[in-house]
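Visitor: Sharing structure_21.pdb below, PDB, C-alpha atoms:
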```pdb
ATOM      1  CA  MET I  14      12.914  11.516  -0.863  1.00  0.00           C
ATOM      2  CA  TYR I  15      12.752   9.364  -3.993  1.00  0.00           C
ATOM      3  CA  VAL I  16       9.826   9.178  -6.386  1.00  0.00           C
ATOM      4  CA  GLY I  17       9.542   6.291  -8.810  1.00  0.00           C
ATOM      5  CA  ALA I  18       7.209   6.042 -11.761  1.00  0.00           C
ATOM      6  CA  LEU I  19       6.359   3.004 -13.840  1.00  0.00           C
ATOM      7  CA  GLU I  20       4.470   2.972 -17.139  1.00  0.00           C
ATOM      8  CA  LEU I  21       3.035  -0.391 -18.144  1.00  0.00           C
ATOM      9  CA  ASP I  22       1.790  -0.719 -21.714  1.00  0.00           C
ATOM     10  CA  VAL I  23      -0.502  -3.739 -21.855  1.00  0.00           C
ATOM     11  CA  LEU I  24      -2.475  -5.537 -24.529  1.00  0.00           C
ATOM     12  CA  LEU I  25      -5.801  -6.952 -23.374  1.00  0.00           C
ATOM     13  CA  GLY I  26      -7.031 -10.338 -24.488  1.00  0.00           C
ATOM     14  CA  ASP I  27     -10.575 -10.944 -25.731  1.00  0.00           C
ATOM     15  CA  VAL I  28     -11.925  -7.406 -25.285  1.00  0.00           C
ATOM     16  CA  HIS I  29     -14.344  -5.867 -27.788  1.00  0.00           C
ATOM     17  CA  SER I  30     -15.580  -2.708 -26.071  1.00  0.00           C
ATOM     18  CA  LEU I  31     -14.439   0.032 -23.724  1.00  0.00           C
ATOM     19  CA  LYS I  32     -16.793  -1.385 -21.092  1.00  0.00           C
ATOM     20  CA  GLN I  33     -15.055  -4.764 -21.256  1.00  0.00           C
ATOM     21  CA  LYS I  34     -11.702  -2.981 -21.140  1.00  0.00           C
ATOM     22  CA  ARG I  35     -12.731  -1.158 -17.976  1.00  0.00           C
ATOM     23  CA  SER I  36     -13.811  -4.427 -16.350  1.00  0.00           C
ATOM     24  CA  ALA I  37     -10.421  -5.972 -17.208  1.00  0.00           C
ATOM     25  CA  VAL I  38      -8.230  -3.046 -16.129  1.00  0.00           C
ATOM     26  CA  ARG I  39     -10.056  -2.010 -12.960  1.00  0.00           C
ATOM     27  CA  PRO I  40      -9.245  -5.209 -10.967  1.00  0.00           C
ATOM     28  CA  VAL I  41      -5.553  -4.942 -11.898  1.00  0.00           C
ATOM     29  CA  VAL I  42      -5.414  -1.316 -10.753  1.00  0.00           C
ATOM     30  CA  ALA I  43      -7.201  -2.212  -7.502  1.00  0.00           C
ATOM     31  CA  GLU I  44      -4.885  -5.154  -6.787  1.00  0.00           C
ATOM     32  CA  LEU I  45      -1.751  -3.066  -7.358  1.00  0.00           C
ATOM     33  CA  ARG I  46      -3.096  -0.369  -5.044  1.00  0.00           C
ATOM     34  CA  ARG I  47      -4.088  -2.877  -2.342  1.00  0.00           C
ATOM     35  CA  ARG I  48      -0.991  -5.095  -2.412  1.00  0.00           C
ATOM     36  CA  PHE I  49       1.733  -2.482  -2.738  1.00  0.00           C
ATOM     37  CA  ALA I  50       0.205   0.778  -1.372  1.00  0.00           C
ATOM     38  CA  VAL I  51       1.107   2.662  -4.566  1.00  0.00           C
ATOM     39  CA  SER I  52      -0.742   5.251  -6.610  1.00  0.00           C
ATOM     40  CA  VAL I  53      -2.139   3.680  -9.776  1.00  0.00           C
ATOM     41  CA  ALA I  54      -4.254   4.905 -12.677  1.00  0.00           C
ATOM     42  CA  GLU I  55      -5.136   4.034 -16.225  1.00  0.00           C
ATOM     43  CA  ALA I  56      -3.155   6.837 -17.837  1.00  0.00           C
ATOM     44  CA  GLY I  57      -3.188   6.290 -21.579  1.00  0.00           C
ATOM     45  CA  HIS I  58      -4.721   4.601 -24.627  1.00  0.00           C
ATOM     46  CA  LEU I  59      -8.101   5.601 -23.212  1.00  0.00           C
ATOM     47  CA  ASP I  60      -9.904   5.365 -26.572  1.00  0.00           C
ATOM     48  CA  LEU I  61      -8.429   1.994 -27.590  1.00  0.00           C
ATOM     49  CA  HIS I  62     -10.341  -1.038 -26.371  1.00  0.00           C
ATOM     50  CA  ARG I  63      -7.477  -3.577 -26.512  1.00  0.00           C
ATOM     51  CA  ARG I  64      -4.613  -1.439 -25.107  1.00  0.00           C
ATOM     52  CA  ALA I  65      -4.097   0.222 -21.761  1.00  0.00           C
ATOM     53  CA  LEU I  66      -1.331   2.297 -20.242  1.00  0.00           C
ATOM     54  CA  ILE I  67      -1.202   1.808 -16.492  1.00  0.00           C
ATOM     55  CA  GLY I  68       0.772   4.349 -14.481  1.00  0.00           C
ATOM     56  CA  VAL I  69       2.203   3.437 -11.074  1.00  0.00           C
ATOM     57  CA  SER I  70       4.054   5.722  -8.657  1.00  0.00           C
ATOM     58  CA  CYS I  71       5.798   5.175  -5.346  1.00  0.00           C
ATOM     59  CA  VAL I  72       7.494   7.513  -2.851  1.00  0.00           C
ATOM     60  CA  ALA I  73      10.073   6.390  -0.275  1.00  0.00           C
ATOM     61  CA  ALA I  74      13.193   7.513   1.548  1.00  0.00           C
ATOM     62  CA  ASP I  75      15.287   4.739  -0.016  1.00  0.00           C
ATOM     63  CA  PRO I  76      15.750   4.347  -3.795  1.00  0.00           C
ATOM     64  CA  GLY I  77      16.191   0.594  -3.384  1.00  0.00           C
ATOM     65  CA  HIS I  78      12.752   0.290  -1.829  1.00  0.00           C
ATOM     66  CA  VAL I  79      11.154   2.273  -4.674  1.00  0.00           C
ATOM     67  CA  THR I  80      12.839   0.029  -7.251  1.00  0.00           C
ATOM     68  CA  GLU I  81      11.787  -3.125  -5.390  1.00  0.00           C
ATOM     69  CA  VAL I  82       8.142  -2.040  -5.169  1.00  0.00           C
ATOM     70  CA  LEU I  83       7.923  -1.013  -8.830  1.00  0.00           C
ATOM     71  CA  ASP I  84       9.618  -4.249  -9.951  1.00  0.00           C
ATOM     72  CA  SER I  85       7.061  -6.213  -7.921  1.00  0.00           C
ATOM     73  CA  CYS I  86       4.246  -4.268  -9.591  1.00  0.00           C
ATOM     74  CA  GLU I  87       5.684  -5.054 -13.010  1.00  0.00           C
ATOM     75  CA  ARG I  88       5.959  -8.765 -12.173  1.00  0.00           C
ATOM     76  CA  LEU I  89       2.365  -8.873 -10.946  1.00  0.00           C
ATOM     77  CA  VAL I  90       1.040  -7.366 -14.188  1.00  0.00           C
ATOM     78  CA  ALA I  91       3.279  -9.607 -16.328  1.00  0.00           C
ATOM     79  CA  ALA I  92       1.930 -12.680 -14.530  1.00  0.00           C
ATOM     80  CA  ARG I  93      -1.719 -11.881 -15.286  1.00  0.00           C
ATOM     81  CA  PRO I  94      -2.916 -14.353 -17.957  1.00  0.00           C
ATOM     82  CA  GLU I  95      -5.526 -11.973 -19.415  1.00  0.00           C
ATOM     83  CA  LEU I  96      -2.896  -9.288 -20.133  1.00  0.00           C
ATOM     84  CA  GLU I  97       0.182  -9.180 -22.323  1.00  0.00           C
ATOM     85  CA  LEU I  98       2.816  -6.757 -21.047  1.00  0.00           C
ATOM     86  CA  LEU I  99       4.177  -4.980 -24.132  1.00  0.00           C
ATOM     87  CA  SER I 100       6.608  -2.648 -22.376  1.00  0.00           C
ATOM     88  CA  ALA I 101       7.543  -1.280 -18.983  1.00  0.00           C
ATOM     89  CA  ARG I 102       9.311   2.018 -18.439  1.00  0.00           C
ATOM     90  CA  HIS I 103      10.848   2.972 -15.088  1.00  0.00           C
ATOM     91  CA  ARG I 104      11.797   6.488 -13.969  1.00  0.00           C
ATOM     92  CA  MET I 105      13.315   7.714 -10.716  1.00  0.00           C
ATOM     93  CA  LEU I 106      13.537  11.204  -9.272  1.00  0.00           C
ATOM     94  CA  GLY I 107      15.743  11.882  -6.285  1.00  0.00           C
ATOM     95  CA  PRO I 108      17.124  14.771  -4.252  1.00  0.00           C
ATOM     96  CA  GLU I 109      19.731  15.583  -6.912  1.00  0.00           C
ATOM     97  CA  ASP I 110      17.092  16.063  -9.652  1.00  0.00           C
TER
END
```
Represent the supplied structure as structure tokens.

Guide:
Amino acid sequence: MYVGALELDVLLGDVHSLKQKRSAVRPVVAELRRRFAVSVAEAGHLDLHRRALIGVSCVAADPGHVTEVLDSCERLVAARPELELLSARHRMLGPED
């Protein structure tokens, strides 16, 4: 079993409140969950209205599949015009860990 984790640090565009932030982040989280069947949550920068840390995780029997899914998630977020992807951090845990 392999577990992959992805942290996406994003900068939001024209957002001036936490309510606007929530309305910008929630559709991204829902789309990632729906398209890739991954676990997703807003996991950081909760008090900042223009930044969000989105955490994504995936479990599979093949490390290549985990990497492919997480790379697709990263590409989807990077392609969103209302977000600027500041950084992406990948981690993998396998049977030898």

Visitor: For Lys34 in chain I, which of I:Val82, I:Leu96, I:Leu106, I:Ala18 is the closest residue, counting all atoms listed in the file?

Guide: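 Once distances to Lys34 in chain I are computed over all atoms listed in the file, the minimum belongs to I:Leu96.
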
Visitor: Here is a test: counting all atoms listed in the file, which residue of I:Leu83, I:Leu24, I:Pro108, I:Arg64 is nearest to Glu95 in chain I?

Guide: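 Ranked by minimum distance to Glu95 in chain I, first place goes to I:Leu24.
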
Visitor: Could you check how far CA of Arg104 in chain I sits from CA of Gly17 in chain I, in Å to one decimal?

Guide: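 Atom-to-atom, CA of Arg104 in chain I and CA of Gly17 in chain I are spaced 5.6 Å apart.
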
Visitor: Out of I:Cys86, I:Leu31, I:Val72, I:Leu25, which residue has the shortest atom-to-atom distance to Ala43 in chain I when counting only C-alpha atoms?

Guide: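 Nearest candidate to Ala43 in chain I out of I:Cys86, I:Leu31, I:Val72, I:Leu25: I:Cys86.
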
Visitor: Please evaluate the PyMOL selection byres ((chain I and resi 65) around 7) against the displayed coordinates and give the resulting residues as a PyMOL selection string.

Guide: chain I and resi 22-24+55+57-59+63-64+66-67

Visitor: Suppose you want the space between CA of Val42 in chain I and CA of Met14 in chain I; what is it in Å?

Guide: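 Taking CA of Val42 in chain I as the start and CA of Met14 in chain I as the end point, the length is 24.5 Å.
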
Visitor: Rounded to one decimal in Å, what is the spacing between CA of Leu21 in chain I and CA of Leu99 in chain I?

Guide: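 These atoms are spaced 7.6 Å apart.
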
Visitor: Find the residues near Glu81 in chain I: any atom within 12 Å, counting only C-alpha atoms, skip ones fewer than 4 places away on the same chain, and give them as a PyMOL selection string.

Guide: chain I and resi 17+19+49+71-73+75-77+85-88+103

Visitor: Which one is closest to Val53 in chain I: I:Pro94, I:Gly68, I:Gly26, I:Gly107? Count all atoms listed in the file.

Guide: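 Looking at the shortest contact to Val53 in chain I, the residue is I:Gly68.
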
Visitor: Taking only C-alpha atoms into account, name the residue in I:Arg35, I:Ala91, I:Val69, I:His29 that is nearest to Ser52 in chain I.

Guide: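 Going through I:Arg35, I:Ala91, I:Val69, I:His29 one by one, the smallest distance to Ser52 in chain I is for I:Val69.
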
Visitor: Enclose the full set of atoms of range 87-97 of chain I listed in the file within a box whose edges lie along x, y and z, apply 8 Å of padding to each of the six sides, and report centre and edge lengths in Å to one decimal as JSON.

Guide:
```
{"center_x": 0.2, "center_y": -9.7, "center_z": -16.6, "size_x": 27.5, "size_y": 25.3, "size_z": 27.4}
```

Visitor: For Glu97 in chain I, which residue among I:His78, I:Asp27, I:Ser36, I:Val16 is the nearest when counting all atoms listed in the file?

Guide: I:Asp27

Visitor: Could you pull range 24-66 of chain I out of the block above and give me C-alpha atoms, as a PDB file, in the first residue's frame?

Guide:
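Saved file part-v9.pdb follows:
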```
ATOM      1  CA  LEU I  24      -2.786  32.678  -3.476  1.00  0.00           C
ATOM      2  CA  LEU I  25      -6.357  33.770  -4.147  1.00  0.00           C
ATOM      3  CA  GLY I  26      -7.175  36.604  -6.496  1.00  0.00           C
ATOM      4  CA  ASP I  27      -9.632  39.373  -5.620  1.00  0.00           C
ATOM      5  CA  VAL I  28     -10.664  38.119  -2.169  1.00  0.00           C
ATOM      6  CA  HIS I  29     -11.306  40.519   0.713  1.00  0.00           C
ATOM      7  CA  SER I  30     -12.925  38.355   3.387  1.00  0.00           C
ATOM      8  CA  LEU I  31     -12.874  34.842   4.791  1.00  0.00           C
ATOM      9  CA  LYS I  32     -16.367  34.335   3.370  1.00  0.00           C
ATOM     10  CA  GLN I  33     -15.132  35.131  -0.138  1.00  0.00           C
ATOM     11  CA  LYS I  34     -12.148  32.856   0.459  1.00  0.00           C
ATOM     12  CA  ARG I  35     -14.459  30.002   1.411  1.00  0.00           C
ATOM     13  CA  SER I  36     -16.533  30.527  -1.738  1.00  0.00           C
ATOM     14  CA  ALA I  37     -13.350  30.405  -3.853  1.00  0.00           C
ATOM     15  CA  VAL I  38     -11.738  27.379  -2.188  1.00  0.00           C
ATOM     16  CA  ARG I  39     -14.811  25.191  -1.716  1.00  0.00           C
ATOM     17  CA  PRO I  40     -15.448  24.581  -5.470  1.00  0.00           C
ATOM     18  CA  VAL I  41     -11.792  23.632  -6.013  1.00  0.00           C
ATOM     19  CA  VAL I  42     -11.898  21.142  -3.137  1.00  0.00           C
ATOM     20  CA  ALA I  43     -15.170  19.678  -4.447  1.00  0.00           C
ATOM     21  CA  GLU I  44     -13.844  19.339  -8.005  1.00  0.00           C
ATOM     22  CA  LEU I  45     -10.668  17.580  -6.853  1.00  0.00           C
ATOM     23  CA  ARG I  46     -12.731  15.179  -4.753  1.00  0.00           C
ATOM     24  CA  ARG I  47     -15.202  14.486  -7.579  1.00  0.00           C
ATOM     25  CA  ARG I  48     -12.738  14.139 -10.463  1.00  0.00           C
ATOM     26  CA  PHE I  49      -9.985  12.141  -8.794  1.00  0.00           C
ATOM     27  CA  ALA I  50     -11.666  10.342  -5.834  1.00  0.00           C
ATOM     28  CA  VAL I  51      -9.081  11.727  -3.391  1.00  0.00           C
ATOM     29  CA  SER I  52      -9.366  13.078   0.131  1.00  0.00           C
ATOM     30  CA  VAL I  53      -9.103  16.869   0.114  1.00  0.00           C
ATOM     31  CA  ALA I  54      -9.313  19.590   2.750  1.00  0.00           C
ATOM     32  CA  GLU I  55      -8.345  23.174   3.336  1.00  0.00           C
ATOM     33  CA  ALA I  56      -5.555  22.444   5.797  1.00  0.00           C
ATOM     34  CA  GLY I  57      -3.731  25.685   6.490  1.00  0.00           C
ATOM     35  CA  HIS I  58      -3.656  29.489   6.369  1.00  0.00           C
ATOM     36  CA  LEU I  59      -7.168  29.388   7.814  1.00  0.00           C
ATOM     37  CA  ASP I  60      -7.021  32.952   9.183  1.00  0.00           C
ATOM     38  CA  LEU I  61      -5.574  34.542   6.027  1.00  0.00           C
ATOM     39  CA  HIS I  62      -8.129  35.651   3.462  1.00  0.00           C
ATOM     40  CA  ARG I  63      -5.859  35.594   0.378  1.00  0.00           C
ATOM     41  CA  ARG I  64      -3.915  32.348   1.032  1.00  0.00           C
ATOM     42  CA  ALA I  65      -5.014  28.753   1.330  1.00  0.00           C
ATOM     43  CA  LEU I  66      -3.219  25.483   1.920  1.00  0.00           C
TER      44      LEU I  66
END
```
